[in-house]
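Everything below concerns the one structure shown next.
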Amino acid sequence: MFVGMGASKVRDLFKQAKEKAPCIVFIDEIDAIGKKRDGQYGGNDEREQTLNQLLTEMDGFEGNNGVIILAATNRPEALDPALTRPGRFDRRVPVELPDLKGREDILKVHARKINVDSDVDFHTIARMASGTSGAELANIVNEAALRAVRNNRTVVTQADLEESIEVVIAGYQKKNAILSDEEKKIVAYHEIGHALVAALQSHSAPVQKITIIPRTSGALGYTMQVEQQDKSLLIKEELENRIATLTGGRAAEEIVFGQITTGASNDIEQATKLARAMITRYGMNEEFDMVALETVTNQYLGQDASLACSADTQKDIDQKVIATIKEQHKRAKQILQENRKMLDCLAQYLYEKESITGEEFMRIMEKGGIE
Ligand code: ZN
């Protein structure tokens, strides 16, 4: 509401607030008016006046006059220092993504509004929904309810919730996607490649589900791994294993078909990000030791990072990123070659079933094949 003639609107707002005290003034997305003033000629005068007025009003509070100011932002680092200085806002409350327990609780809150089957296991759902925000969890519950209705049921089941997590992560199932038989076979090998490399290494999250049903996000299939618990610390070996797992899909294609496809594009992106972070942010390269080569500029929105090193070093980083990925890719290929029979057997099984659970996958692995 402050956009356009902001200063007078701020004055008006605080006048009303004082009349109505005790009350709470809540300013959402405060960075819209509270951004750092750049002080350059021709800056946004209008916005600066609005911010100045807000600062004046906040200073004008004498003791406890019953008006509490709350504000929210996704970009705390972009706020003008005058706003964040002690005495303006007394407290900062960082709202991080919910942890496992938090996700479970949030799911239960949203599930209260719908009819849920008595045997739904929210703990499992929360584990599968790792990395999701409160809004996404609300969306998952909503999607599950819609799915139940579409299937003419009045109760939401575990399967509804699990499927809706996949919808949130990967989009809807594409009902009429046309994959040729050959393509389907390649995708099956690709996904089993990921799953096998993950399962045959230590320090990997267990495989929860493998599917080759195309999704509206463009994914032709995917392998879902779920950690038993949220992890705050990852050891170097775990990161390397993740990179190996990401290269496992392409590795399987190379071994079995002797040719490569575009199917690995997302894997490539993720593996590169991980390898780069290991070198530039986590100090996991011997030569660079504990030197920060990159800084995260936007903690809450997408974690953008910017390089903080010379052009020469950048070249060096690029080479080390390539070497890291090459090494893991080689390792993934080796793992699959050594387990070629298992790869064939599981890929055939997935090709026929299109979707298999982590338990089915492990059962076949442990028995050493399908009898
Ligand atoms: Zn892949």
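By order of appearance in the structure tokens: chains A, B, ..., then residues from 1 within every chain, and ligands from 1 in the order shown.
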Worksheet item: Mind checking DSSP for region 289-338 of chain A and telling me the strand (DSSP E) residues as a PyMOL selection string?
Response: chain A and resi 294-296+305-307
Item to complete: Could you give me, as a PyMOL selection string, every polymer residue with an atom at most 8 Å away from an atom of ligand 1, counting only C-alpha atoms and all ligand atoms?
Response: chain A and resi 190-191+194+221-223+246-250+263-267
Worksheet entry | 12 Å contact set for Arg340 (chain A), only C-alpha atoms, chain neighbours under 3 positions out, as a PyMOL selection string | chain A and resi 189+192-193+196-197+251-253+255-256+332-337+343-347+368-369
Store the residues picked out above, limited to N, CA and C atoms, as an mmCIF file, in the first residue's frame.
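The resulting file, out-v1.cif, is reproduced below:
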data_model
loop_
_atom_site.group_PDB
_atom_site.id
_atom_site.type_symbol
_atom_site.label_atom_id
_atom_site.label_comp_id
_atom_site.auth_asym_id
_atom_site.auth_seq_id
_atom_site.Cartn_x
_atom_site.Cartn_y
_atom_site.Cartn_z
ATOM 1 N N TYR A 189 16.984 -48.148 -17.730
ATOM 2 C CA TYR A 189 18.393 -48.360 -17.395
ATOM 3 C C TYR A 189 18.981 -47.142 -16.688
ATOM 4 N N ILE A 192 17.714 -47.065 -13.043
ATOM 5 C CA ILE A 192 18.334 -48.139 -12.254
ATOM 6 C C ILE A 192 19.822 -47.835 -12.049
ATOM 7 N N GLY A 193 20.428 -47.183 -13.031
ATOM 8 C CA GLY A 193 21.828 -46.760 -12.879
ATOM 9 C C GLY A 193 21.988 -45.885 -11.647
ATOM 10 N N LEU A 196 21.234 -48.061 -8.389
ATOM 11 C CA LEU A 196 22.261 -49.055 -8.055
ATOM 12 C C LEU A 196 23.516 -48.389 -7.503
ATOM 13 N N VAL A 197 23.942 -47.323 -8.154
ATOM 14 C CA VAL A 197 25.140 -46.622 -7.657
ATOM 15 C C VAL A 197 24.884 -46.122 -6.237
ATOM 16 N N ALA A 251 25.954 -43.123 -16.848
ATOM 17 C CA ALA A 251 26.906 -44.235 -16.880
ATOM 18 C C ALA A 251 26.223 -45.514 -17.372
ATOM 19 N N ALA A 252 24.995 -45.750 -16.901
ATOM 20 C CA ALA A 252 24.277 -46.957 -17.325
ATOM 21 C C ALA A 252 24.002 -46.908 -18.831
ATOM 22 N N GLU A 253 23.618 -45.740 -19.330
ATOM 23 C CA GLU A 253 23.355 -45.596 -20.769
ATOM 24 C C GLU A 253 24.605 -45.936 -21.577
ATOM 25 N N ILE A 255 27.205 -47.802 -20.715
ATOM 26 C CA ILE A 255 27.595 -49.212 -20.623
ATOM 27 C C ILE A 255 26.688 -50.087 -21.484
ATOM 28 N N VAL A 256 25.385 -49.829 -21.382
ATOM 29 C CA VAL A 256 24.433 -50.747 -22.009
ATOM 30 C C VAL A 256 24.219 -50.447 -23.490
ATOM 31 N N ALA A 332 31.228 -44.451 -10.848
ATOM 32 C CA ALA A 332 29.860 -44.934 -11.063
ATOM 33 C C ALA A 332 29.853 -46.007 -12.161
ATOM 34 N N LYS A 333 30.597 -45.733 -13.232
ATOM 35 C CA LYS A 333 30.673 -46.688 -14.345
ATOM 36 C C LYS A 333 31.247 -48.016 -13.872
ATOM 37 N N GLN A 334 32.286 -47.906 -13.045
ATOM 38 C CA GLN A 334 32.928 -49.117 -12.545
ATOM 39 C C GLN A 334 31.958 -49.935 -11.688
ATOM 40 N N ILE A 335 31.246 -49.239 -10.811
ATOM 41 C CA ILE A 335 30.274 -49.932 -9.950
ATOM 42 C C ILE A 335 29.255 -50.675 -10.805
ATOM 43 N N LEU A 336 28.761 -50.003 -11.853
ATOM 44 C CA LEU A 336 27.732 -50.625 -12.688
ATOM 45 C C LEU A 336 28.283 -51.778 -13.517
ATOM 46 N N GLN A 337 29.517 -51.606 -13.998
ATOM 47 C CA GLN A 337 30.124 -52.688 -14.777
ATOM 48 C C GLN A 337 30.297 -53.937 -13.923
ATOM 49 N N LEU A 343 22.130 -54.918 -12.882
ATOM 50 C CA LEU A 343 21.641 -53.767 -13.654
ATOM 51 C C LEU A 343 20.612 -54.229 -14.695
ATOM 52 N N ASP A 344 20.949 -55.264 -15.440
ATOM 53 C CA ASP A 344 20.035 -55.788 -16.466
ATOM 54 C C ASP A 344 18.730 -56.279 -15.850
ATOM 55 N N CYS A 345 18.892 -57.031 -14.772
ATOM 56 C CA CYS A 345 17.739 -57.649 -14.131
ATOM 57 C C CYS A 345 16.765 -56.586 -13.595
ATOM 58 N N LEU A 346 17.312 -55.605 -12.895
ATOM 59 C CA LEU A 346 16.464 -54.562 -12.313
ATOM 60 C C LEU A 346 15.854 -53.657 -13.379
ATOM 61 N N ALA A 347 16.624 -53.344 -14.422
ATOM 62 C CA ALA A 347 16.114 -52.477 -15.484
ATOM 63 C C ALA A 347 14.941 -53.159 -16.206
ATOM 64 N N GLY A 368 19.826 -61.180 -4.975
ATOM 65 C CA GLY A 368 20.764 -61.339 -6.084
ATOM 66 C C GLY A 368 20.068 -61.548 -7.413
ATOM 67 N N GLY A 369 18.828 -61.105 -7.525
ATOM 68 C CA GLY A 369 18.130 -61.218 -8.803
ATOM 69 C C GLY A 369 16.721 -61.731 -8.636
#
Item to complete: Can you pull out every residue within 8 Å of region 228-241 of chain A, counting only C-alpha atoms, but drop anything in the same chain fewer than 3 positions away, and send it as a list in words?
Response: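 In the requested format, the answer is Asp99, Leu100, Arg127, Ser130, Ala198, Gln201, His203, Ser204, Ala205, Pro206, Ala244, Thr245, Leu274, Met278, Met284 and Gln328 of chain A.
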Restrict the selected residues to N, CA, C and O atoms and save them as a short mmCIF file (atom, residue, chain, number, x, y, z; two decimals), in the first residue's frame.
data_model
loop_
_atom_site.label_atom_id
_atom_site.label_comp_id
_atom_site.auth_asym_id
_atom_site.auth_seq_id
_atom_site.Cartn_x
_atom_site.Cartn_y
_atom_site.Cartn_z
N ASP A 99 12.14 -28.38 9.92
CA ASP A 99 12.87 -29.65 9.98
C ASP A 99 11.87 -30.81 9.96
O ASP A 99 10.66 -30.60 9.82
N LEU A 100 12.40 -32.01 10.12
CA LEU A 100 11.54 -33.20 10.01
C LEU A 100 10.33 -33.14 10.94
O LEU A 100 9.18 -33.31 10.53
N ARG A 127 9.23 -37.29 5.99
CA ARG A 127 10.58 -37.67 5.55
C ARG A 127 10.71 -37.53 4.05
O ARG A 127 11.73 -37.05 3.54
N SER A 130 11.30 -33.88 2.32
CA SER A 130 12.49 -33.16 2.78
C SER A 130 12.75 -31.90 1.95
O SER A 130 12.65 -31.92 0.73
N ALA A 198 23.67 -45.61 -6.00
CA ALA A 198 23.34 -45.14 -4.64
C ALA A 198 23.40 -46.31 -3.65
O ALA A 198 24.03 -46.21 -2.59
N GLN A 201 26.90 -47.95 -2.56
CA GLN A 201 27.88 -47.16 -1.83
C GLN A 201 27.41 -47.01 -0.39
O GLN A 201 26.22 -47.02 -0.13
N HIS A 203 27.00 -44.56 2.96
CA HIS A 203 26.65 -43.14 3.12
C HIS A 203 25.71 -42.63 2.06
O HIS A 203 25.81 -41.49 1.64
N SER A 204 24.80 -43.47 1.54
CA SER A 204 23.81 -42.96 0.60
C SER A 204 22.44 -43.07 1.23
O SER A 204 22.18 -44.01 1.98
N ALA A 205 21.59 -42.13 0.92
CA ALA A 205 20.21 -42.22 1.41
C ALA A 205 19.52 -43.40 0.73
O ALA A 205 19.74 -43.64 -0.45
N PRO A 206 18.69 -44.16 1.46
CA PRO A 206 18.00 -45.29 0.87
C PRO A 206 17.08 -44.88 -0.28
O PRO A 206 16.52 -43.79 -0.26
N ALA A 244 28.51 -39.23 -7.59
CA ALA A 244 28.59 -40.52 -8.30
C ALA A 244 27.18 -41.00 -8.64
O ALA A 244 26.92 -41.44 -9.77
N THR A 245 26.26 -40.89 -7.68
CA THR A 245 24.88 -41.32 -7.91
C THR A 245 24.25 -40.53 -9.07
O THR A 245 23.56 -41.09 -9.92
N LEU A 274 27.03 -29.26 -6.97
CA LEU A 274 27.61 -29.90 -5.79
C LEU A 274 29.14 -29.84 -5.82
O LEU A 274 29.78 -29.47 -4.84
N MET A 278 31.64 -27.88 -3.20
CA MET A 278 32.67 -28.58 -2.43
C MET A 278 33.98 -27.81 -2.48
O MET A 278 34.69 -27.69 -1.49
N MET A 284 36.79 -28.26 0.56
CA MET A 284 37.07 -29.70 0.45
C MET A 284 38.09 -30.01 -0.63
O MET A 284 38.17 -31.13 -1.12
N GLN A 328 34.14 -39.18 -10.20
CA GLN A 328 32.95 -39.86 -9.69
C GLN A 328 32.21 -40.59 -10.81
O GLN A 328 31.66 -41.66 -10.60
#
Worksheet item: Which residue out of A:Ala21, A:Ile106, A:Val93, A:Ile30 has the minimum interatomic distance to Ala78 (chain A) when only C-alpha atoms are used?
Response: A:Ile30
Using only C-alpha atoms, which protein or nucleic acid residues come within 8 Å of Ala138 (chain A)? Drop anything in the same chain fewer than 4 positions from it, and give the result as a compact mmCIF listing (two decimals) with all heavy atoms, in the first residue's frame.
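Once everything was written out, this is result_14.txt:
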# COMPACT_ATOMS: atom_id res chain seq x y z
N ILE A 106 3.37 -29.58 10.75
CA ILE A 106 2.67 -28.73 9.78
C ILE A 106 1.69 -29.56 8.96
O ILE A 106 0.54 -29.17 8.73
CB ILE A 106 3.68 -28.01 8.85
CG1 ILE A 106 4.49 -26.99 9.66
CG2 ILE A 106 2.96 -27.31 7.70
CD1 ILE A 106 5.66 -26.39 8.91
N LEU A 107 2.13 -30.76 8.54
CA LEU A 107 1.24 -31.65 7.77
C LEU A 107 -0.01 -31.98 8.58
O LEU A 107 -1.13 -31.96 8.07
CB LEU A 107 1.97 -32.95 7.41
CG LEU A 107 2.94 -32.89 6.24
CD1 LEU A 107 3.78 -34.16 6.18
CD2 LEU A 107 2.20 -32.70 4.92
N HIS A 110 -2.53 -29.07 8.66
CA HIS A 110 -3.31 -28.93 7.43
C HIS A 110 -4.27 -30.12 7.24
O HIS A 110 -5.34 -29.97 6.68
CB HIS A 110 -2.40 -28.79 6.22
CG HIS A 110 -1.66 -27.48 6.21
ND1 HIS A 110 -2.31 -26.28 6.08
CD2 HIS A 110 -0.36 -27.18 6.34
CE1 HIS A 110 -1.43 -25.30 6.13
NE2 HIS A 110 -0.23 -25.82 6.29
N GLY A 134 6.56 -24.58 4.41
CA GLY A 134 5.22 -24.72 4.97
C GLY A 134 4.15 -24.62 3.89
O GLY A 134 3.20 -25.40 3.88
N ASN A 142 -3.38 -30.50 0.12
CA ASN A 142 -4.46 -30.09 -0.78
C ASN A 142 -4.51 -30.98 -2.03
O ASN A 142 -5.58 -31.45 -2.43
CB ASN A 142 -4.25 -28.62 -1.18
CG ASN A 142 -5.49 -28.04 -1.79
OD1 ASN A 142 -6.59 -28.32 -1.34
ND2 ASN A 142 -5.31 -27.24 -2.84
Worksheet entry | Counting only C-alpha atoms, the option among A:Lys175, A:Lys367, A:His123, A:Arg153 closest to Met342 (chain A) |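 Looking at the shortest contact to Met342 (chain A), the residue is A:Lys367.
Shortest atom-to-atom contact with Ala145 (chain A) among A:Leu179, A:Met362, A:Ala159, A:Leu79: A:Ala159, counting only C-alpha atoms.
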Practice prompt. Give me every alpha helix (DSSP H) residue in region 91-318 of chain A, going by DSSP on the backbone, as an NGL selection string.
Written response: :A and (100-111 or 122-128 or 134-150 or 158-170 or 181-199 or 236-257 or 265-280 or 311-318)
Worksheet item: Of the candidates A:His329, A:Arg281, A:Arg363, A:Lys185, which one gets nearest to Arg242 (chain A) if we count only C-alpha atoms?
Response: A:His329
Discussion item. So that I can see what lies close to Lys174 (chain A), please list as an MDAnalysis selection string the residues with an atom at most 12 Å from it, counting only C-alpha atoms and leaving out residues fewer than 6 positions away in the same chain.
Written reply: chainID A and resid 167 212:221
Residues from the last selection, N, CA, C and O atoms, saved as an mmCIF file, in the first residue's frame:
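File produced: part18.cif:
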data_model
loop_
_atom_site.group_PDB
_atom_site.id
_atom_site.type_symbol
_atom_site.label_atom_id
_atom_site.label_comp_id
_atom_site.auth_asym_id
_atom_site.auth_seq_id
_atom_site.Cartn_x
_atom_site.Cartn_y
_atom_site.Cartn_z
ATOM 1 N N VAL A 167 3.896 -35.006 -7.175
ATOM 2 C CA VAL A 167 3.342 -33.942 -8.011
ATOM 3 C C VAL A 167 4.050 -32.623 -7.704
ATOM 4 O O VAL A 167 4.449 -31.884 -8.597
ATOM 5 N N ILE A 212 9.412 -44.771 -14.077
ATOM 6 C CA ILE A 212 9.690 -44.295 -15.437
ATOM 7 C C ILE A 212 8.388 -43.803 -16.079
ATOM 8 O O ILE A 212 8.194 -43.903 -17.278
ATOM 9 N N ILE A 213 7.484 -43.280 -15.230
ATOM 10 C CA ILE A 213 6.275 -42.655 -15.759
ATOM 11 C C ILE A 213 6.596 -41.171 -15.958
ATOM 12 O O ILE A 213 6.939 -40.488 -15.004
ATOM 13 N N PRO A 214 6.496 -40.676 -17.183
ATOM 14 C CA PRO A 214 6.867 -39.280 -17.442
ATOM 15 C C PRO A 214 5.992 -38.296 -16.659
ATOM 16 O O PRO A 214 4.826 -38.575 -16.369
ATOM 17 N N ARG A 215 6.588 -37.163 -16.316
ATOM 18 C CA ARG A 215 5.898 -36.138 -15.537
ATOM 19 C C ARG A 215 5.796 -34.847 -16.343
ATOM 20 O O ARG A 215 6.592 -34.612 -17.249
ATOM 21 N N THR A 216 4.866 -34.000 -15.933
ATOM 22 C CA THR A 216 4.676 -32.750 -16.687
ATOM 23 C C THR A 216 5.875 -31.809 -16.570
ATOM 24 O O THR A 216 6.012 -30.882 -17.346
ATOM 25 N N SER A 217 6.733 -32.022 -15.585
ATOM 26 C CA SER A 217 7.921 -31.174 -15.455
ATOM 27 C C SER A 217 8.923 -31.479 -16.565
ATOM 28 O O SER A 217 9.899 -30.760 -16.726
ATOM 29 N N GLY A 218 8.691 -32.558 -17.309
ATOM 30 C CA GLY A 218 9.621 -32.926 -18.364
ATOM 31 C C GLY A 218 10.481 -34.117 -17.973
ATOM 32 O O GLY A 218 11.178 -34.681 -18.801
ATOM 33 N N ALA A 219 10.441 -34.496 -16.677
ATOM 34 C CA ALA A 219 11.215 -35.658 -16.246
ATOM 35 C C ALA A 219 10.611 -36.915 -16.871
ATOM 36 O O ALA A 219 9.404 -37.103 -16.855
ATOM 37 N N LEU A 220 11.462 -37.760 -17.431
ATOM 38 C CA LEU A 220 10.967 -38.997 -18.039
ATOM 39 C C LEU A 220 10.906 -40.118 -17.015
ATOM 40 O O LEU A 220 10.304 -41.156 -17.231
ATOM 41 N N GLY A 221 11.533 -39.886 -15.890
ATOM 42 C CA GLY A 221 11.520 -40.852 -14.808
ATOM 43 C C GLY A 221 12.347 -40.273 -13.678
ATOM 44 O O GLY A 221 13.022 -39.271 -13.880
#
